[in-house]
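Notes follow once the structure below has been shown.
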Amino acid sequence: MKTLKSKIVLTVLGIVVSFGMNAQVGGWNPELINDSEEALKTMLEKTPKLESFYNESYGYVVFPKITKAGIGVGGALGKGIVFENHQVVGLSKLKQASFGLQFGGQQYSEIIFFENEASFEKFKNGKLKFDGQASAVALKRGTSIDMAYQNNVAVFTHTKGGLMYEASLGGQHFKYIAAN
C-alpha cells in the first residue's frame with residue numbers, strides 16, 4: 001500500500017514540476033505581459049467591484065495562469081507580472097505546497113492588490129507569504145462578494161478550468177524579479 005501511495009505522490013509531483021518547468025523556463029517573457037493584462041481585463045469585466053482595487057491600489061501582481069495539482073500532497077506554480085502605479089516593474093514566481101485531503105488539478109488566475117507602499121515593498125522583498133489562514137476571494141459570475149484588504153493586501157482568484165477537491169493546509173511563497 002505504501003508503494004502505491006509513494007507512486008501516486010511522485011506522479012502528482014512530477015506533473016506539477018513538468019507544468020512548472022514549462023511555465024518557468026527562461027527569464028523575461030513579453031507574452032506574459034499580454035497574458036497578465038488579458039487576465040486582469042477579464043477579471044475586471046466579470047467583477048466590476050474590482051475596479052476600486054485596481055484604481056486605488058499602490059501596486060498589484062497578476063498571475064494569468066497558476067497550475068495546481070494534488071493527491072494528498074499537492075503543489076501549484078505560476079508566473080506573473082508586477083505593476084506599480086499601473087506600470088510594469090517586474091515579474092513574480094509563485095510556489096505553493098499543500099497537504100491534506102485533496103485530489104485533482106486545476107488552473108486559475110490570481111490578482112494580489114497592495115493597498116500601500118509598505119505592503120508592496122514587503123512583497124518585493126520576499127517577506128509576503130500566505131499561510132493556511134490567508135483567504136482569497138474566488139470570483140464567480142453572478143455572485144455578490146464583500147471585499148476588503150486584510151493586512152493591506154487583497155487576493156482574488158478566478159478558476160479557468162479543472163476540478164479540485166480540497167480541504168488542505170498550505171502556503172504561497174513569492175519571488176520578485178525586477179525588470180531591467
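Identifiers in this document derive from the order of the C-alpha cells: chains are assigned A, B, ..., residues are numbered from 1 separately in each chain, and ligands are numbered from 1 in order of occurrence.
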DSSP on the backbone: which residues in stretch 36-167 of chain A end up as alpha helix (DSSP H)? Give the answer as an mmCIF file with C-alpha atoms, in the first residue's frame.
data_model
loop_
_atom_site.group_PDB
_atom_site.id
_atom_site.type_symbol
_atom_site.label_atom_id
_atom_site.label_comp_id
_atom_site.auth_asym_id
_atom_site.auth_seq_id
_atom_site.Cartn_x
_atom_site.Cartn_y
_atom_site.Cartn_z
ATOM 1 C CA SER A 36 -1.425 39.212 -17.445
ATOM 2 C CA GLU A 37 -3.161 42.237 -18.930
ATOM 3 C CA GLU A 38 -5.778 39.965 -20.526
ATOM 4 C CA ALA A 39 -6.386 38.109 -17.238
ATOM 5 C CA LEU A 40 -6.742 41.441 -15.417
ATOM 6 C CA LYS A 41 -9.170 42.719 -18.059
ATOM 7 C CA THR A 42 -11.258 39.535 -17.842
ATOM 8 C CA MET A 43 -11.463 39.650 -14.060
ATOM 9 C CA LEU A 44 -12.389 43.352 -14.083
ATOM 10 C CA GLU A 45 -15.117 42.719 -16.674
ATOM 11 C CA LYS A 46 -16.571 39.784 -14.738
ATOM 12 C CA LEU A 50 -12.590 45.076 -8.539
ATOM 13 C CA GLU A 51 -12.284 48.464 -10.295
ATOM 14 C CA SER A 52 -11.849 50.261 -6.961
ATOM 15 C CA PHE A 53 -8.944 47.965 -6.009
ATOM 16 C CA TYR A 54 -7.413 48.423 -9.448
ATOM 17 C CA ASN A 55 -7.783 52.222 -9.381
ATOM 18 C CA GLU A 56 -6.747 52.834 -5.773
ATOM 19 C CA GLU A 117 3.842 51.172 -0.483
ATOM 20 C CA ALA A 118 4.754 49.270 2.705
ATOM 21 C CA SER A 119 2.779 46.154 1.692
ATOM 22 C CA PHE A 120 4.154 46.375 -1.860
ATOM 23 C CA GLU A 121 7.745 46.600 -0.577
ATOM 24 C CA LYS A 122 7.110 43.632 1.721
ATOM 25 C CA PHE A 123 6.099 41.641 -1.359
ATOM 26 C CA LYS A 124 9.109 42.800 -3.398
#
